[in-house]
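Peer 1: Pasting a structure below so you can have a look.
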Amino acid sequence: MPEATDSEAFEPDEAIDPAPLSTWSRATAGIIGFTLCGAGTVAVFKTENQAGCVALILAGALFVVLTIGGNPLHSLGFGETQMRFAVQRRRRQVIASVSDAPPEEARRTLEVLQAIDPGAANDASFLYQSARTYEALAKQRFLTLFPDCAIGSLAPRDWGYSDFQVLRPIDKRISVDALFLERAPSGISRTMISKRAEKAVDSILPTLIMSNVPLSHGAQQALEEAQAHGTKMQYVFWQDERHDQALQAAAEELFAQIP
């Protein structure tokens with residue numbers, strides 16, 4: 001079966017179209033609609049804020065339309081303001097559809113979803129799925145860059161911030177923290193690196209932190225301080241295959257530190 005393109009993945013279809021409103025929802029929408037229309041009409045004669053009156057009447061009319069039509073609207077524009085309906089339902093359905101998809105396909109789908117629905121970046125399920133996808137991509141890249149390696153789970157004493165371990169023949173292992181951050185305009189914080197350095201000291205495995213976000217100046221200092229005290233820890237900025245060389249070099253450096 002040919003692979004669907006990004007645009008095809010978001011074509012409206014029956015699977016993700018919003019369901020009709022229930023009778024109870026239509027009745028509620030009707031009550032709200034007529035109440036807002038009435039309040040707006042009364043306000044026209046009792047206030048000088050005509051823009052507010054118009055907004056009330058328009059909002060009321062919207063709910064009346066919902067009552068009559070029985071279907072949620074996707075959007076209603078009024079100036080620069082948009083009132084969106086059924087977006088969250090559609091968003092969750094798309095996110096759920098990528099939970100079992102191959103990592104590359106999941107990444108493309110999430111990128112397109114965010115492009116057409118910027119509000120997804122604030123959705124907890126979107127952030128969770130994005131982090132899962134990033135970790136899956138990280139595992140995939142390690143298996144590609146190190147064909148002799150295997151991906152394993154961490155022992156209880158190595159739990160904490162790390163997500164998995166990479167096992168190399170002759171019993172060489174490193175733990176990997178695939179740190180995905182959606183909102184970090186100033187970079188990874190010093191606190192994040194310091195906490196991970198503390199955990200790395202107690203771990204028997206060298207630790208590699210890979211993230212889609214660069215280090216802040218303070219985080220870079222914290223990393224260098226930890227390394228100066230003998231902590232076997234490296235950081236690499238990795239978003240996709242463009243950064244494979246840096247990822248491979250950081251992992252090789254940690255493998256080299258294992259006796």
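Letters A, B, ... mark the chains of the structure tokens in the order given; residue numbers begin at 1 per chain; ligand numbers begin at 1, in order shown.
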Hey, what's within 12 Å of Ala124 (chain A) if we count only C-alpha atoms and toss same-chain stuff fewer than 4 positions away? As a list of chain:residue names, please?

Peer 2: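 Near Ala124 (chain A), the qualifying residues are A:Gln88, A:Arg91, A:Arg92, A:Ile95, A:Gly119, A:Ala120, A:Tyr128, A:Gln129, A:Ser130, A:Ala131, A:Glu182.
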
Peer 1: What is the CA of Asp100 (chain A) to CA of Ser211 (chain A) distance in Å?

Peer 2: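 Interatomic distance here is 22.4 Å.
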
Peer 1: Would you list, as a PyMOL selection string, the residues of region 88-131 of chain A that end up in helix (DSSP H, G or I) under DSSP run on this structure's backbone?

Peer 2: chain A and resi 88-97+103-116+118-122+124-131

Peer 1: Near Gln239 (chain A), within 10 Å and counting only C-alpha atoms, which residues show up once chain neighbours fewer than 6 positions away are dropped, as a VMD selection string?

Peer 2: chain A and resid 134 137 to 138 180 210 to 213

Peer 1: Provide the CA of Pro169 (chain A) to CA of Phe255 (chain A) distance in Å, to one decimal place.

Peer 2: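 Going from CA of Pro169 (chain A) over to CA of Phe255 (chain A) covers 10.9 Å.
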
Peer 1: So which bits of region 111-171 of chain A end up strand (DSSP E) when you DSSP the backbone, as number ranges by chain?

Peer 2: A: 150-152, 164-168

Peer 1: Between CA of Asp163 (chain A) and CA of Ala178 (chain A), what is the distance, to one decimal in Å?

Peer 2: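 According to the coordinates, CA of Asp163 (chain A) and CA of Ala178 (chain A) are separated by 6.5 Å.
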
Peer 1: With a cut-off of 12 Å, could you pull out the residues of region 126-189 of chain A touching region 228-234 of chain A and give me the nearest pair of atoms for each, distance in Å to one decimal, using only C-alpha atoms, ordered by chain and ascending number, as CSV?

Peer 2:
```
residue,atom,partner,partner_atom,distance
A:Ser162,CA,A:Met233,CA,11.7
A:Ile174,CA,A:Met233,CA,9.6
A:Ser175,CA,A:Met233,CA,9.6
A:Val176,CA,A:Gln234,CA,9.7
A:Asp177,CA,A:Gln234,CA,10.3
```
